[in-house]
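S.K.: Sharing a structure, written as structure tokens. Questions coming.
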Amino acid sequence: MAQYIVRRLLLMIPTLIGVSLLVTGLLRLLPADAVDVLVAGGEVQGGGEAFKELVEKKLVEDGKNPATATITDKARAENALIAAQLKKEGQDPETTNQSLRQAAKNTLALNAYKDNIRTRLGLNKNYIEQWSSWAWNALQGDLGTSIIGSRPVSDELKRRIPVSIELGLLGMVVSLLIALPLGVASAVKQDGPIDYGMRSMAIAALAIPSFFLATIVIALASRYWNYSFPVKYREFWDDPKTNLELVIVPGIILGIGLSGTLLRLTRAQMLEVLRQDYIRTARAKGLASRSVIVRHAVKNAFVPIVTIIGLQVPVLVGGSLVLETIFGIPGVARYLFESISNRDFPAVIGVNMLVAFVIVFTNLIVDVLYAVLDPRVRLS
Amino acid sequence: MATSTISAPALPEFYLRPERPFMSRALRAIGSFIVHKPLGAFGGFILILVIAVGVLSPMIAGDPNTVHLSDTLVRPNSTYWFGTDYNGRDVFDRIVFGCQVTAMVGLGTVILVTVLSLLVGVTSGYFSGKFDFTVQRLVDIWLSFPAIFLILTLVAVLKTSSNNGFFGLGRGPEIGPNPVDGDWFWYTFPRTTIVILALGVVLAGGASRVVRSATLQTRAAPYIEAAQVLGATNTRIIFRHIIPNIMPILIVLATLQLGTAILAEATISFLGIGVTNFPTWGQMLSGKTRELAADHMHIALFPGLAIFLAVFGFNMLGDALRDVLDPRLRGSR
């Protein structure tokens, strides 16, 4: 057992390295980067300084000292730069008018400015450098600072992880409350009308889009009770009432979505167990049907179910994005979504690694738990 | 002594009934499916309906992008069967044209998922050992990504690479052409393809695991060993023995993936990614719809029901097909 766990833990390392390599690569393929987003959003403005630096560099190239250069020299260097840029854009510098020259100057200034920021943020490194510097810092526990908002990624995650856990746990509890009793009932009354009803319900729960359910719930609440959900998220410890008001409905919707799979699984497991010899023995002993089901069947059917709950963790991350978006809950999935739109490299890779780690780790826990709970299962 | 002739009664003619022609067998199979699995048959009907409405949509509905300025947010009536939205666009027309994207993305994704998962799952399961181990570690990585990340980045990356022509087809304008005019397909095709590629890559990881385990089971069968002894090549064994034998599992997997793919497409459309220049069901629920739904329920209700009905139907079909096709689950119903 110990050997198995160690082996699995060792196998996690290449997986996590692979994920981080792929995330870094995919992000580099994305059009535009965080600096473009910052400049386009007007978050940072500038360029005059950057252009002056360009001119000074040009003067040095021409063998003049920028400190002592005359205005004519500077103007000449400036003109040479603009002419080069115009040529690059495919225009003839001799015939262009003033506005085009001004546009070319602006482009030069903006590009130089962006490049300065990129150098400062370390965005202009090549793939390997970028990845290895990230990995080196991450190994020391530093996930970097998000480019937009310049907050440390680990702080942001610390703030958001409890929110996601709260939503996820709520969803899990709701799905268990729905799926377990109904699944057991469905298996016990196999092929009866109850069974058909439950199975159709399970498939319906899988098919209903969470954003549709959320829209309808919000609309109905507003229409018939004149109720609107809190706009601002509050921490549970600060304001438990507002927090629960906001989280409980998305939690239930998430739970309904998850309950479909779980209900079908519970039913399948129960049917499997109900066919076992020891159930027949228990019935033959003359035990009450209720006692057979609750004490013999359900207890044994739950073993695989408990473990499969763990496998729904990745589903939770995806499922909660839509709900976090609709209800304005600042969870991890929302952070990932925003960071990708902002091309916020350190944040995206941070969240991805967190999720990958959780997925890989729950897989291990599930496998081990399975073996612990069911002695017949051997790990290899 | 007179020669006695042995006269035995003529043997009754025992013979095998000739096999019925293919069409007749297929019809019987479908008939029995409808009788025994009415809900599955209902799902099959929905599938055919979505495809048919998608193909015939220019004949069924008017232009989904026409704005009726004086008729915004009209309740369902005899002119606008499902009412109009906040821009005064006919909801019925938009749902009918939404079938196109749903059908294309659904079927395209399923085909891509099947091909990819076969490629990875069968080779990995068949050539076991170190190769299998390596491939499975790569699949581990594949499955460790949050699906949203992969979809978002893949869609964004593919969109830029399609800026200068995607498969030589161009990008298509931001706002689609009049879909009733013939050319709609070539305008939506690039965007639809991007969504299909992204969803296909994401969903194929999990599917390849199922295919692999089915391959492992089939590979252990004696007839595979027999084929190997007879000197059959690996290619032949894979194509003549393994793939036909895992076909039932593939069909079931594909049907269930159809529902998942359509739900995923609707979700990313709702989030504002994916096909943006053509009406889709998920897109109809996003933006202003959510704020206006309280007083104008119809603009949310009909597209939501369309998604629900399609996914529900496909899942029912997949479930029924599994009962019929997957021998391991036969009888467990």
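Residue numbering restarts at 1 for every chain of the structure tokens, chains are lettered A, B, ... in their displayed order, and ligands are numbered from 1 as they appear.
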Could you tell me which residues of chain B sit within 9 Å of chain A when counting only C-alpha atoms, and give me the result as a ChimeraX atom specification?

M.R.: /B:137-138,140-150,152-154,156-161,259-260,263,266-267,270-271,282,285-286,289-297,300-301,303-305,307-313,315-316,332-333

S.K.: So how many Å separate atom CA of Glu245 of chain A and atom CA of Pro230 of chain A, to one decimal?

M.R.: 7.2 Å

S.K.: Considering only C-alpha atoms, can you say which of A:Lys57, A:Arg159, A:Lys241, A:Arg267 comes closest to Asp195 of chain A?

M.R.: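 Closest to Asp195 of chain A, using only C-alpha atoms: A:Arg267.
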
S.K.: Can you tell me how far atom CA of Gly197 of chain A sits from atom CA of Lys37 of chain B, in Å to one decimal?

M.R.: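 About the pair atom CA of Gly197 of chain A and atom CA of Lys37 of chain B: they are 14.5 Å apart.
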
S.K.: Extract, using only C-alpha atoms, all DNA, RNA and protein residues at most 10 Å from segment 231-245 of chain B, discarding same-chain residues fewer than 5 positions from it, and format them as a ChimeraX atom specification.

M.R.: /B:118,122-123,126-127,211,214-219,221,223-226,250

S.K.: What does the distance from atom CA of Thr280 of chain B to atom CA of Ala264 of chain B come to in Å, to one decimal?

M.R.: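 Distance between the two atoms: 12.3 Å.
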
S.K.: Find the residue from A:Thr266, A:Asn300, A:Ser289, A:Ser154 that sits nearest to Leu182 of chain A; use only C-alpha atoms when measuring.

M.R.: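 Distance minimum relative to Leu182 of chain A lands on A:Thr266.
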
S.K.: For segment 167-178 of chain A, please output as a PDB file with N, CA and C atoms, in the first residue's frame all residues within 6 Å (counting only C-alpha atoms; exclusion window: fewer than 2 positions along the same chain).

M.R.:
ATOM      1  N   SER A 164     -15.025  28.874  -3.524  1.00  0.00           N
ATOM      2  CA  SER A 164     -15.307  27.741  -4.413  1.00  0.00           C
ATOM      3  C   SER A 164     -15.624  26.487  -3.618  1.00  0.00           C
ATOM      4  N   ILE A 165     -14.883  26.302  -2.502  1.00  0.00           N
ATOM      5  CA  ILE A 165     -15.131  25.110  -1.690  1.00  0.00           C
ATOM      6  C   ILE A 165     -16.539  25.161  -1.111  1.00  0.00           C
ATOM      7  N   LEU A 180     -28.980   9.854  -3.273  1.00  0.00           N
ATOM      8  CA  LEU A 180     -28.900   8.600  -2.529  1.00  0.00           C
ATOM      9  C   LEU A 180     -30.277   7.988  -2.241  1.00  0.00           C
ATOM     10  N   GLY A 251     -25.803  26.777  -5.206  1.00  0.00           N
ATOM     11  CA  GLY A 251     -25.414  25.477  -4.659  1.00  0.00           C
ATOM     12  C   GLY A 251     -26.430  24.412  -5.008  1.00  0.00           C
ATOM     13  N   ILE A 252     -27.712  24.757  -4.848  1.00  0.00           N
ATOM     14  CA  ILE A 252     -28.762  23.778  -5.152  1.00  0.00           C
ATOM     15  C   ILE A 252     -28.771  23.464  -6.644  1.00  0.00           C
ATOM     16  N   LEU A 254     -26.284  23.646  -8.737  1.00  0.00           N
ATOM     17  CA  LEU A 254     -25.111  22.805  -8.992  1.00  0.00           C
ATOM     18  C   LEU A 254     -25.391  21.368  -8.564  1.00  0.00           C
ATOM     19  N   GLY A 255     -26.025  21.238  -7.385  1.00  0.00           N
ATOM     20  CA  GLY A 255     -26.336  19.915  -6.851  1.00  0.00           C
ATOM     21  C   GLY A 255     -27.284  19.150  -7.753  1.00  0.00           C
ATOM     22  N   ILE A 256     -28.281  19.844  -8.317  1.00  0.00           N
ATOM     23  CA  ILE A 256     -29.222  19.171  -9.215  1.00  0.00           C
ATOM     24  C   ILE A 256     -28.471  18.618 -10.426  1.00  0.00           C
ATOM     25  N   LEU A 258     -25.361  17.733 -10.609  1.00  0.00           N
ATOM     26  CA  LEU A 258     -24.510  16.594 -10.241  1.00  0.00           C
ATOM     27  C   LEU A 258     -25.335  15.360  -9.893  1.00  0.00           C
ATOM     28  N   SER A 259     -26.566  15.591  -9.414  1.00  0.00           N
ATOM     29  CA  SER A 259     -27.332  14.465  -8.870  1.00  0.00           C
ATOM     30  C   SER A 259     -27.690  13.449  -9.948  1.00  0.00           C
TER      31      SER A 259
END

S.K.: Env of segment 130-143 of chain A: 6 Å cut, atoms = only C-alpha atoms, seq-sep filter 4 positions within chain, self excluded. Answer as a ChimeraX atom specification.

M.R.: /A:125-126,153

S.K.: Got time to write the residues from that selection, N, CA and C atoms, as a CSV table (one decimal), in the first residue's frame?

M.R.:
chain,number,residue,atom,x,y,z
A,125,LYS,N,10.5,36.9,-22.6
A,125,LYS,CA,11.4,35.7,-22.6
A,125,LYS,C,10.9,34.7,-23.6
A,126,ASN,N,11.8,33.7,-23.9
A,126,ASN,CA,11.3,32.7,-24.7
A,126,ASN,C,10.7,31.6,-23.9
A,153,VAL,N,-0.7,36.1,-7.0
A,153,VAL,CA,-1.7,35.1,-7.4
A,153,VAL,C,-2.1,34.3,-6.2

S.K.: Pick out the residues sitting within 6 Å of segment 146-149 of chain A, and hand them over as a list in words; count only C-alpha atoms, and ignore anything fewer than 6 positions along from it in its own chain.

M.R.: Asp344, Pro346 and Ala347 of chain A

S.K.: The selected residues should be written to file as a PDB file, in the first residue's frame (atoms: N, CA and C atoms).

M.R.:
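File written: out_38.pdb
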ATOM      1  N   ASP A 344      -3.703  37.053 -18.487  1.00  0.00           N
ATOM      2  CA  ASP A 344      -2.919  37.274 -17.279  1.00  0.00           C
ATOM      3  C   ASP A 344      -2.144  36.000 -16.967  1.00  0.00           C
ATOM      4  N   PRO A 346       0.543  34.752 -15.199  1.00  0.00           N
ATOM      5  CA  PRO A 346       0.802  34.089 -13.922  1.00  0.00           C
ATOM      6  C   PRO A 346      -0.482  33.585 -13.260  1.00  0.00           C
ATOM      7  N   ALA A 347      -1.573  34.347 -13.413  1.00  0.00           N
ATOM      8  CA  ALA A 347      -2.826  33.928 -12.790  1.00  0.00           C
ATOM      9  C   ALA A 347      -3.367  32.669 -13.446  1.00  0.00           C
TER      10      ALA A 347
END

S.K.: Point out the residue among B:Asn87, B:Thr193, B:Ser57, B:Thr114 with the least atom-to-atom distance to Ala207 of chain B, counting only C-alpha atoms.

M.R.: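 Closest candidate: B:Thr114.
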
S.K.: For a quick check of understanding, using only C-alpha atoms, which of B:Ser208, B:Asn277, B:Gln100, B:Gln228 has the smallest distance to Asn65 of chain B?

M.R.: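 Checking each candidate against Asn65 of chain B, we get B:Asn277 as the closest.
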
S.K.: Using only C-alpha atoms, find the one residue out of B:Leu197, B:Ala306, B:Ile299, B:Ile60 that sits nearest to Trp281 of chain B.

M.R.: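 Distance minimum relative to Trp281 of chain B lands on B:Ala306.
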
S.K.: Show which residues sit within 10 Å of segment 104-117 of chain A, as a ChimeraX atom specification. Count only C-alpha atoms, and ignore same-chain residues fewer than 5 positions away.

M.R.: /A:35-36,38-39,44-54,78-79,81-89,98-99,122-124

S.K.: With distances taken over only C-alpha atoms, which of B:Thr79, B:Thr255, B:Ile196, B:Pro38 is nearest to Arg322 of chain B?

M.R.: B:Thr255
